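This report refers to the structure that appears directly beneath it.
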Amino acid sequence: MYSARAISLLAGLIAAGAVFVVLPARADEQADADFAKRFFAGAAGKPKAYACFVRRYDASHMAEHPSQKVTVMRLLITAKKTPDDKYLDYSFRLGVNFRDRPGDFDSSGECGHAPTVRNPDTDPGPAAGIDFQCDVDCDGGGISVNLANNDNALMVKLDRIRIWKSTDPNGTAPREMQGGADDKIFRLDRTSLDECKSLVTDRKELAAMRHK
């Protein structure tokens, strides 16, 4: 027979163990929520959150960087929580215009979880200083992004990424954008979601963005 004191001690240890198990998960969930507030400037609503970053390069900039091909870049980052995942899943949509190619070009892919909740053993995530590594399916390359300028801008880095013409939404004629001498690193500024509406074709999602 166990004494009352032993039973009490055992109960205390079990309770302490339960706290030890539960607290890290709760801490991760809080870290996930805190990062989302930063990334979406406090507007991390449900069921989805959106953030738009844009850069338009003027004529003087393009004249000073004759090797740069990108004239406009738009990046829409979306986060949502799925029923089987307690953390937000991030994805991206990229819009690009070039000085030497007519038309609008798009790309899209997945970014996974925020770096605050990555498991370094199973999901090493991006390199230090990078908030996300976002990839296009089927070895389509991708981009890495990190918050900058007190979270009011993004630094976008790329080596290569598969892109499509906006008039070919099914991607039947994919092309590739290579990170050239002046097309590897881009600084995009946070702006209104209106600036990224051209990257969204689904009417319900457009309606959701209008209410953010």
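Every chain in the structure tokens has a letter given in the order shown (A, B, ...), and although residue numbers restart at 1 in each chain, ligands are simply numbered from 1 in the order shown.
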
Discussion item. List the spatial neighbours of Gly141 of chain A as a ChimeraX atom specification - criterion: any atom at most 6 Å away, only C-alpha atoms, same-chain residues fewer than 3 positions off excluded.
Written reply: /A:135-136,160-161

Store the residues of this selection in a file with N, CA and C atoms, as a PDB file, in the first residue's frame.
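The file below, again.pdb, is the result:
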ATOM      1  N   ASP A 135       8.649  27.538 -51.961  1.00  0.00           N
ATOM      2  CA  ASP A 135       9.007  26.720 -53.114  1.00  0.00           C
ATOM      3  C   ASP A 135       7.826  26.498 -54.051  1.00  0.00           C
ATOM      4  N   VAL A 136       8.154  26.376 -55.334  1.00  0.00           N
ATOM      5  CA  VAL A 136       7.180  26.015 -56.361  1.00  0.00           C
ATOM      6  C   VAL A 136       7.244  24.502 -56.546  1.00  0.00           C
ATOM      7  N   ARG A 160      16.388  30.933 -58.976  1.00  0.00           N
ATOM      8  CA  ARG A 160      15.545  30.650 -60.125  1.00  0.00           C
ATOM      9  C   ARG A 160      14.143  30.328 -59.633  1.00  0.00           C
ATOM     10  N   ILE A 161      13.165  30.613 -60.484  1.00  0.00           N
ATOM     11  CA  ILE A 161      11.782  30.303 -60.141  1.00  0.00           C
ATOM     12  C   ILE A 161      10.977  30.140 -61.428  1.00  0.00           C
TER      13      ILE A 161
END

Fill in: Within 9 Å of Cys196 of chain A using only C-alpha atoms, minus same-chain residues under 2 positions, as a ChimeraX atom specification
/A:51-54,74-76,93,95,191-194,198-200

Next, write the just-selected residues to a file, as a compact mmCIF listing (two decimals), in the first residue's frame, keeping N, CA and C atoms as the atom set.
# COMPACT_ATOMS: atom_id res chain seq x y z
N ALA A 51 -0.87 39.58 -46.68
CA ALA A 51 0.06 40.71 -46.65
C ALA A 51 0.58 40.93 -48.06
N CYS A 52 0.60 42.18 -48.49
CA CYS A 52 1.01 42.53 -49.85
C CYS A 52 2.25 43.41 -49.81
N PHE A 53 3.24 43.06 -50.63
CA PHE A 53 4.48 43.83 -50.73
C PHE A 53 4.77 44.09 -52.21
N VAL A 54 5.14 45.32 -52.53
CA VAL A 54 5.28 45.71 -53.94
C VAL A 54 6.50 46.61 -54.12
N ARG A 74 5.41 42.09 -57.35
CA ARG A 74 4.36 42.06 -56.33
C ARG A 74 4.43 40.71 -55.63
N LEU A 75 4.27 40.73 -54.32
CA LEU A 75 4.29 39.48 -53.56
C LEU A 75 3.14 39.48 -52.56
N LEU A 76 2.29 38.48 -52.68
CA LEU A 76 1.18 38.29 -51.75
C LEU A 76 1.48 37.07 -50.89
N ARG A 93 2.18 34.14 -53.64
CA ARG A 93 1.89 34.38 -55.05
C ARG A 93 2.74 35.56 -55.49
N GLY A 95 4.00 38.18 -58.59
CA GLY A 95 3.74 38.79 -59.89
C GLY A 95 4.95 39.60 -60.34
N THR A 191 2.26 47.29 -48.53
CA THR A 191 1.28 48.22 -49.09
C THR A 191 -0.11 47.63 -48.98
N SER A 192 -1.08 48.33 -49.54
CA SER A 192 -2.48 47.91 -49.48
C SER A 192 -2.69 46.59 -50.24
N LEU A 193 -3.65 45.79 -49.76
CA LEU A 193 -3.97 44.54 -50.45
C LEU A 193 -4.49 44.79 -51.87
N ASP A 194 -5.00 45.99 -52.11
CA ASP A 194 -5.48 46.31 -53.46
C ASP A 194 -4.38 46.13 -54.50
N SER A 198 -4.45 41.66 -58.43
CA SER A 198 -4.22 41.08 -59.76
C SER A 198 -3.64 39.67 -59.67
N LEU A 199 -3.13 39.29 -58.49
CA LEU A 199 -2.55 37.95 -58.33
C LEU A 199 -3.59 36.91 -57.94
N VAL A 200 -4.82 37.36 -57.69
CA VAL A 200 -5.88 36.46 -57.22
C VAL A 200 -6.99 36.37 -58.26

Worksheet item: Which parts of segment 122-168 of chain A does DSSP call strand (DSSP E or B) when run on the backbone here, written out as a list in words?
Response: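 After running DSSP on the backbone, segment 122-168 of chain A has strand (DSSP E or B) at Phe132, Gln133, Cys134, Asp135, Gly141, Gly142, Ile143, Ser144, Val145, Asn146, Leu147, Ala148, Ala153, Leu154, Met155, Val156, Lys157, Arg160, Ile161, Arg162, Ile163, Trp164 and Lys165 of chain A.
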
With N, CA and C atoms retained, export the selected residues as a tab-separated table (two decimals), in the first residue's frame.
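Now in selection-v8.tsv:
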chain	number	residue	atom	x	y	z
A	132	PHE	N	11.30	32.77	-44.36
A	132	PHE	CA	10.66	31.69	-45.11
A	132	PHE	C	11.49	31.28	-46.32
A	133	GLN	N	11.45	30.00	-46.62
A	133	GLN	CA	11.87	29.51	-47.93
A	133	GLN	C	10.58	29.03	-48.60
A	134	CYS	N	10.21	29.66	-49.68
A	134	CYS	CA	8.96	29.35	-50.37
A	134	CYS	C	9.29	28.67	-51.70
A	135	ASP	N	8.65	27.54	-51.96
A	135	ASP	CA	9.01	26.72	-53.11
A	135	ASP	C	7.83	26.50	-54.05
A	141	GLY	N	11.92	25.69	-58.36
A	141	GLY	CA	12.67	26.77	-57.71
A	141	GLY	C	11.83	27.45	-56.65
A	142	GLY	N	12.17	28.69	-56.33
A	142	GLY	CA	11.41	29.40	-55.32
A	142	GLY	C	12.11	30.67	-54.89
A	143	ILE	N	11.66	31.20	-53.77
A	143	ILE	CA	12.22	32.44	-53.22
A	143	ILE	C	12.42	32.28	-51.72
A	144	SER	N	13.32	33.05	-51.18
A	144	SER	CA	13.43	33.18	-49.73
A	144	SER	C	13.07	34.61	-49.39
A	145	VAL	N	12.39	34.79	-48.25
A	145	VAL	CA	11.96	36.13	-47.87
A	145	VAL	C	12.27	36.35	-46.40
A	146	ASN	N	12.54	37.59	-46.05
A	146	ASN	CA	12.66	37.93	-44.63
A	146	ASN	C	12.20	39.36	-44.41
A	147	LEU	N	11.58	39.57	-43.27
A	147	LEU	CA	11.07	40.88	-42.91
A	147	LEU	C	12.23	41.87	-42.73
A	148	ALA	N	11.97	43.12	-43.09
A	148	ALA	CA	13.00	44.16	-42.99
A	148	ALA	C	12.33	45.49	-42.65
A	153	ALA	N	8.80	46.02	-44.73
A	153	ALA	CA	9.31	45.63	-46.04
A	153	ALA	C	9.75	44.18	-46.00
A	154	LEU	N	9.95	43.62	-47.17
A	154	LEU	CA	10.47	42.26	-47.32
A	154	LEU	C	11.70	42.29	-48.21
A	155	MET	N	12.68	41.48	-47.86
A	155	MET	CA	13.79	41.22	-48.77
A	155	MET	C	13.50	39.89	-49.45
A	156	VAL	N	13.48	39.90	-50.75
A	156	VAL	CA	13.19	38.70	-51.54
A	156	VAL	C	14.46	38.30	-52.28
A	157	LYS	N	14.85	37.04	-52.12
A	157	LYS	CA	16.05	36.54	-52.79
A	157	LYS	C	15.67	35.33	-53.64
A	160	ARG	N	16.39	30.93	-58.98
A	160	ARG	CA	15.54	30.65	-60.13
A	160	ARG	C	14.14	30.33	-59.63
A	161	ILE	N	13.17	30.61	-60.48
A	161	ILE	CA	11.78	30.30	-60.14
A	161	ILE	C	10.98	30.14	-61.43
A	162	ARG	N	10.11	29.15	-61.43
A	162	ARG	CA	9.24	28.94	-62.59
A	162	ARG	C	8.12	29.97	-62.57
A	163	ILE	N	7.85	30.58	-63.72
A	163	ILE	CA	6.81	31.59	-63.85
A	163	ILE	C	5.91	31.26	-65.04
A	164	TRP	N	4.72	31.84	-65.03
A	164	TRP	CA	3.77	31.67	-66.12
A	164	TRP	C	3.22	33.02	-66.51
A	165	LYS	N	2.73	33.11	-67.74
A	165	LYS	CA	2.02	34.31	-68.15
A	165	LYS	C	0.66	34.32	-67.46

Worksheet item: DSSP on the backbone: what in segment 30-173 of chain A comes out alpha helix (DSSP H), as a list in words?
Response: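 Residues meeting the alpha helix (DSSP H) criterion: Gln30, Ala31, Asp32, Ala33, Asp34, Phe35, Ala36, Lys37, Arg38, Phe39, Ala59, Ser60, His61, Met62, Ala63 and Glu64 of chain A.
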
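What separates atom CA of Asn149 of chain A from atom CA of Arg210 of chain A is a distance of 25.8 Å.
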
Find the nearest atom pair between each residue of segment 78-107 of chain A and segment 31-42 of chain A for residues within 9 Å, count only C-alpha atoms, give distances in Å to one decimal, sort rows by chain and ascending number, and present the table as JSON lines.
{"residue": "A:Ala79", "atom": "CA", "partner": "A:Ala36", "partner_atom": "CA", "distance": 8.3}
{"residue": "A:Tyr87", "atom": "CA", "partner": "A:Asp32", "partner_atom": "CA", "distance": 6.7}
{"residue": "A:Leu88", "atom": "CA", "partner": "A:Asp32", "partner_atom": "CA", "distance": 7.3}
